[in-house]
$ cat work.cif   # mmCIF, C-alpha atoms
data_data
loop_
_atom_site.label_atom_id
_atom_site.label_comp_id
_atom_site.auth_asym_id
_atom_site.auth_seq_id
_atom_site.Cartn_x
_atom_site.Cartn_y
_atom_site.Cartn_z
CA MET T 1 -92.50 -189.15 -88.17
CA SER T 2 -90.24 -188.20 -91.01
CA SER T 3 -88.21 -190.00 -93.61
CA ILE T 4 -84.82 -189.15 -95.13
CA LEU T 5 -83.41 -190.19 -98.47
CA ASP T 6 -79.63 -190.18 -97.95
CA ILE T 7 -77.72 -190.59 -101.22
CA ASP T 8 -73.97 -191.01 -101.64
CA LEU T 9 -72.91 -190.64 -105.26
CA ASP T 10 -70.39 -193.47 -104.81
CA TYR T 11 -73.36 -195.86 -105.02
CA PHE T 12 -73.70 -195.04 -108.73
CA ALA T 13 -70.01 -195.60 -109.57
CA VAL T 14 -70.47 -199.34 -110.02
CA LEU T 15 -73.89 -199.34 -111.71
CA ASP T 16 -74.95 -199.47 -115.33
CA ASN T 17 -76.95 -196.40 -116.34
CA PRO T 18 -76.10 -194.37 -113.21
CA VAL T 19 -77.98 -191.21 -114.25
CA LYS T 20 -81.11 -193.27 -114.97
CA ARG T 21 -80.82 -194.96 -111.58
CA LEU T 22 -80.49 -191.56 -109.87
CA SER T 23 -83.43 -190.27 -111.91
CA ASP T 24 -85.57 -193.23 -110.82
CA LEU T 25 -84.77 -192.51 -107.17
CA MET T 26 -85.54 -188.82 -107.54
CA GLU T 27 -88.83 -189.51 -109.29
CA TRP T 28 -89.85 -191.88 -106.50
CA ALA T 29 -88.84 -189.32 -103.86
CA ASN T 30 -90.76 -186.55 -105.62
CA GLN T 31 -88.68 -184.04 -103.65
CA PRO T 32 -85.83 -181.69 -104.50
CA VAL T 33 -82.39 -182.33 -103.05
CA ASN T 34 -82.23 -180.19 -99.92
CA THR T 35 -78.52 -180.41 -99.11
CA ILE T 36 -75.31 -181.49 -100.80
CA VAL T 37 -72.14 -182.18 -98.83
CA GLU T 38 -68.68 -183.29 -99.83
CA LYS T 39 -67.98 -185.55 -96.81
CA HIS T 40 -70.81 -187.80 -95.70
CA HIS T 41 -70.44 -187.30 -91.94
CA LYS T 42 -71.25 -183.59 -92.42
CA ILE T 43 -74.83 -184.58 -93.22
CA LEU T 44 -75.70 -185.59 -89.65
CA ASN T 45 -75.31 -181.97 -88.53
CA LYS T 46 -77.63 -180.88 -91.37
CA TRP T 47 -80.22 -183.44 -90.26
CA ASN T 48 -79.92 -182.23 -86.66
CA ILE T 49 -80.49 -178.63 -87.77
CA CYS T 50 -83.60 -179.65 -89.70
CA VAL T 51 -84.97 -181.49 -86.66
CA ASN T 52 -84.09 -178.67 -84.24
CA LYS T 53 -85.72 -176.05 -86.48
CA GLY T 54 -88.85 -178.17 -86.89
CA ILE T 55 -88.32 -178.61 -90.63
CA ILE T 56 -88.67 -182.37 -90.07
CA SER T 57 -89.50 -184.40 -87.01
CA PRO T 58 -86.88 -186.86 -85.70
CA PRO T 59 -86.56 -189.37 -88.53
CA THR T 60 -88.19 -192.76 -88.22
CA SER T 61 -86.70 -194.02 -91.48
CA ILE T 62 -83.57 -193.41 -93.48
CA LEU T 63 -83.09 -194.88 -96.93
CA HIS T 64 -79.29 -194.99 -97.11
CA VAL T 65 -78.22 -195.27 -100.78
CA ASP T 66 -74.49 -195.84 -100.61
CA GLU T 67 -71.70 -198.20 -101.56
CA HIS T 68 -70.77 -198.29 -97.82
CA HIS T 69 -72.90 -198.85 -94.72
CA ASP T 70 -71.13 -196.04 -92.78
CA MET T 71 -71.28 -197.92 -89.46
CA MET T 72 -67.64 -198.99 -89.18
CA ASP T 73 -66.87 -197.87 -85.64
CA GLU T 74 -68.32 -196.62 -82.37
CA LYS T 75 -65.92 -193.71 -81.88
CA LYS T 76 -67.41 -190.60 -80.27
CA THR T 77 -65.78 -188.45 -82.95
CA LEU T 78 -67.97 -188.30 -86.02
CA ASN T 79 -66.34 -189.46 -89.26
CA ILE T 80 -67.35 -190.65 -92.73
CA ALA T 81 -67.32 -194.27 -91.57
CA ASN T 82 -69.57 -193.92 -88.50
CA TYR T 83 -72.12 -191.13 -88.94
CA LEU T 84 -74.99 -193.56 -89.60
CA TYR T 85 -74.17 -195.40 -86.38
CA HIS T 86 -74.48 -192.02 -84.59
CA ALA T 87 -77.82 -191.31 -86.30
CA MET T 88 -79.22 -194.67 -85.20
CA ARG T 89 -78.05 -194.06 -81.63
CA LYS T 90 -79.45 -190.51 -81.59
CA TRP T 91 -82.87 -191.54 -82.93
CA PRO T 92 -83.74 -194.90 -81.32
CA ASP T 93 -87.00 -195.21 -83.26
CA CYS T 94 -85.29 -194.76 -86.63
CA ARG T 95 -84.92 -197.71 -88.96
CA VAL T 96 -82.33 -197.73 -91.74
CA TYR T 97 -82.46 -199.51 -95.05
CA TRP T 98 -79.08 -199.71 -96.78
CA LEU T 99 -79.72 -199.77 -100.54
CA VAL T 100 -76.62 -201.28 -102.12
CA ALA T 101 -76.05 -203.33 -105.28
CA GLN T 102 -73.54 -205.67 -103.61
CA PRO T 103 -72.72 -205.23 -99.89
CA ILE T 104 -68.99 -205.21 -99.24
CA ASP T 105 -69.51 -206.32 -95.63
CA SER T 106 -71.86 -205.84 -92.68
CA PRO T 107 -71.84 -203.42 -89.73
CA GLU T 108 -71.89 -206.54 -87.60
CA LEU T 109 -68.19 -207.03 -88.47
CA TRP T 110 -67.28 -203.57 -87.17
CA LEU T 111 -69.52 -202.87 -84.18
CA SER T 112 -69.34 -204.53 -80.79
CA GLU T 113 -71.78 -207.37 -80.23
CA ASP T 114 -73.76 -205.35 -77.65
CA ILE T 115 -74.14 -202.36 -79.98
CA TRP T 116 -74.99 -204.49 -82.99
CA ASN T 117 -77.67 -206.30 -80.97
CA LEU T 118 -79.23 -202.89 -80.17
CA LEU T 119 -79.28 -201.84 -83.84
CA VAL T 120 -79.77 -204.99 -85.91
CA SER T 121 -83.58 -205.05 -85.63
CA ARG T 122 -83.69 -201.55 -87.18
CA PHE T 123 -81.09 -202.12 -89.92
CA SER T 124 -81.70 -203.99 -93.15
CA THR T 125 -80.13 -204.11 -96.57
CA GLY T 126 -80.92 -205.03 -100.13
CA ALA T 127 -80.47 -204.20 -103.80
CA GLN T 128 -84.01 -202.82 -104.26
CA ARG T 129 -85.90 -200.12 -102.37
CA PRO T 130 -88.54 -201.74 -100.16
CA GLN T 131 -91.91 -201.37 -101.87
CA ASN T 132 -93.69 -199.65 -98.97
CA TRP T 133 -90.77 -197.50 -97.81
CA PRO T 134 -92.06 -194.01 -96.92
CA ARG T 135 -91.33 -191.21 -99.35
CA PRO T 136 -88.77 -188.78 -97.95
CA ASN T 137 -89.42 -185.44 -96.30
CA LEU T 138 -85.75 -184.59 -96.80
CA VAL T 139 -83.29 -185.58 -99.54
CA THR T 140 -79.56 -185.21 -98.96
CA VAL T 141 -76.60 -186.03 -101.19
CA CYS T 142 -72.92 -186.63 -100.53
CA ILE T 143 -70.60 -186.23 -103.51
CA SER T 144 -67.67 -188.34 -102.10
CA PRO T 145 -65.08 -186.96 -104.52
CA GLU T 146 -62.48 -189.56 -103.54
CA PHE T 147 -64.83 -192.40 -104.62
CA VAL T 148 -66.54 -190.95 -107.71
CA ALA T 149 -64.82 -190.16 -111.00
CA PRO T 150 -65.07 -186.46 -111.94
CA ILE T 151 -67.04 -187.05 -115.14
CA LEU T 152 -69.62 -189.23 -113.37
CA ARG T 153 -69.86 -186.72 -110.52
CA TYR T 154 -70.42 -183.97 -113.08
CA ARG T 155 -73.20 -185.94 -114.83
CA LEU T 156 -74.97 -186.84 -111.57
CA LEU T 157 -74.75 -183.32 -110.15
CA LYS T 158 -75.99 -181.88 -113.44
CA HIS T 159 -79.00 -184.17 -113.20
CA ILE T 160 -79.64 -183.05 -109.60
CA GLU T 161 -79.38 -179.42 -110.66
CA GLN T 162 -81.92 -179.99 -113.46
CA TRP T 163 -84.19 -181.90 -111.09
CA ASN T 164 -84.11 -179.12 -108.51
CA ASN T 165 -84.75 -176.48 -111.17
CA GLU T 166 -87.96 -178.30 -112.03
CA PHE T 167 -89.03 -177.69 -108.44
CA ASN T 168 -87.89 -174.05 -108.62
CA PHE T 169 -85.73 -174.90 -105.66
CA SER T 170 -83.16 -172.15 -105.33
CA ASN T 171 -81.87 -172.77 -101.81
CA ILE T 172 -79.22 -175.35 -102.72
CA ARG T 173 -75.53 -175.26 -103.30
CA ALA T 174 -75.75 -177.60 -106.30
CA LYS T 175 -74.60 -174.90 -108.69
CA SER T 176 -71.44 -174.09 -106.73
CA VAL T 177 -70.69 -177.78 -106.15
CA PHE T 178 -71.43 -178.45 -109.81
CA ASN T 179 -69.03 -175.70 -110.93
CA HIS T 180 -66.37 -176.98 -108.53
CA THR T 181 -66.52 -180.53 -109.91
CA LYS T 182 -66.74 -179.38 -113.52
CA ASN T 183 -63.21 -178.01 -113.19
CA ALA T 184 -61.91 -181.09 -111.38
#

$ encode --input "work.cif" --output "structure tokens"
Amino acid sequence: MSSILDIDLDYFAVLDNPVKRLSDLMEWANQPVNTIVEKHHKILNKWNICVNKGIISPPTSILHVDEHHDMMDEKKTLNIANYLYHAMRKWPDCRVYWLVAQPIDSPELWLSEDIWNLLVSRFSTGAQRPQNWPRPNLVTVCISPEFVAPILRYRLLKHIEQWNNEFNFSNIRAKSVFNHTKNA
């Protein structure tokens, strides 16, 4: 049984004190960021690799921190709008909590009634992390450059880099992503 903290930086674009909010999440997680991707659907492959290599067991919980629920269609082709739907289908024991300040809509509007009925008991949402949510075994971040202003992206990635340095965690691409966004 493993838990994933899945953060999309677009979540912080509409919040007051975004770096503080990220810091609070990281302190709760008490884990370094393991992977950073530019497009959110790329993260599912990273999760699969971690499961296949035995780094984590198939996840039983995903804390999805994002401005979007990422369950907007049932297409077989993975995309930024449906990767979480694919994760829930792949791991039928996995529950997802969508942490969002103000939900823009619900997956129920996008998924067929049959599919939604299969997933709804494992999907919940709210503006606060559930008190007893399990701490993550894996922390992943999506930078979503089309949804996050360059200066905010820079500040958040700088904070992640500093956080990971505290863990002496050298196996991350944060520095290269950080340098890429610094010049954006």

$ residues_around --input "work.cif" --residues "range 94-98 of chain T" --least-positions-apart "3" --cutoff "12 Å" --atoms "only C-alpha atoms" --output "PyMOL selection string"
chain T and resi 1-8+11+57-71+84-91+101-107+118-134

$ atom_distance --input "work.cif" --atom1 "CA of Asn82 in chain T" --atom2 "CA of Ala149 in chain T"
23.3 Å

$ resolve_selection --input "work.cif" --expression "the PyMOL selection byres ((chain T and resi 31) around 12)" --output "PDB file with C-alpha atoms, keeping the file's coordinate frame"
ATOM      1  CA  SER T   3     -88.210-190.000 -93.610  1.00  0.00           C
ATOM      2  CA  ILE T   4     -84.820-189.150 -95.130  1.00  0.00           C
ATOM      3  CA  LEU T   5     -83.410-190.190 -98.470  1.00  0.00           C
ATOM      4  CA  SER T  23     -83.430-190.270-111.910  1.00  0.00           C
ATOM      5  CA  LEU T  25     -84.770-192.510-107.170  1.00  0.00           C
ATOM      6  CA  MET T  26     -85.540-188.820-107.540  1.00  0.00           C
ATOM      7  CA  GLU T  27     -88.830-189.510-109.290  1.00  0.00           C
ATOM      8  CA  TRP T  28     -89.850-191.880-106.500  1.00  0.00           C
ATOM      9  CA  ALA T  29     -88.840-189.320-103.860  1.00  0.00           C
ATOM     10  CA  ASN T  30     -90.760-186.550-105.620  1.00  0.00           C
ATOM     11  CA  PRO T  32     -85.830-181.690-104.500  1.00  0.00           C
ATOM     12  CA  VAL T  33     -82.390-182.330-103.050  1.00  0.00           C
ATOM     13  CA  ASN T  34     -82.230-180.190 -99.920  1.00  0.00           C
ATOM     14  CA  THR T  35     -78.520-180.410 -99.110  1.00  0.00           C
ATOM     15  CA  ARG T 135     -91.330-191.210 -99.350  1.00  0.00           C
ATOM     16  CA  PRO T 136     -88.770-188.780 -97.950  1.00  0.00           C
ATOM     17  CA  ASN T 137     -89.420-185.440 -96.300  1.00  0.00           C
ATOM     18  CA  LEU T 138     -85.750-184.590 -96.800  1.00  0.00           C
ATOM     19  CA  VAL T 139     -83.290-185.580 -99.540  1.00  0.00           C
ATOM     20  CA  THR T 140     -79.560-185.210 -98.960  1.00  0.00           C
ATOM     21  CA  ILE T 160     -79.640-183.050-109.600  1.00  0.00           C
ATOM     22  CA  TRP T 163     -84.190-181.900-111.090  1.00  0.00           C
ATOM     23  CA  ASN T 164     -84.110-179.120-108.510  1.00  0.00           C
ATOM     24  CA  ASN T 165     -84.750-176.480-111.170  1.00  0.00           C
ATOM     25  CA  GLU T 166     -87.960-178.300-112.030  1.00  0.00           C
ATOM     26  CA  PHE T 167     -89.030-177.690-108.440  1.00  0.00           C
ATOM     27  CA  ASN T 168     -87.890-174.050-108.620  1.00  0.00           C
ATOM     28  CA  PHE T 169     -85.730-174.900-105.660  1.00  0.00           C
TER      29      PHE T 169
END

$ atom_distance --input "work.cif" --atom1 "CA of Val14 in chain T" --atom2 "CA of His159 in chain T"
17.7 Å

$ residues_around --input "work.cif" --residues "Leu111 in chain T" --least-positions-apart "5" --cutoff "9 Å" --atoms "all atoms listed in the file" --output "PDB file with C-alpha atoms, in the frame of the given file"
ATOM      1  CA  MET T  71     -71.280-197.920 -89.460  1.00  0.00           C
ATOM      2  CA  MET T  72     -67.640-198.990 -89.180  1.00  0.00           C
ATOM      3  CA  ASP T  73     -66.870-197.870 -85.640  1.00  0.00           C
ATOM      4  CA  GLU T  74     -68.320-196.620 -82.370  1.00  0.00           C
ATOM      5  CA  TRP T 116     -74.990-204.490 -82.990  1.00  0.00           C
TER       6      TRP T 116
END

$ atom_distance --input "work.cif" --atom1 "CA of Leu44 in chain T" --atom2 "CA of Leu156 in chain T"
22.0 Å
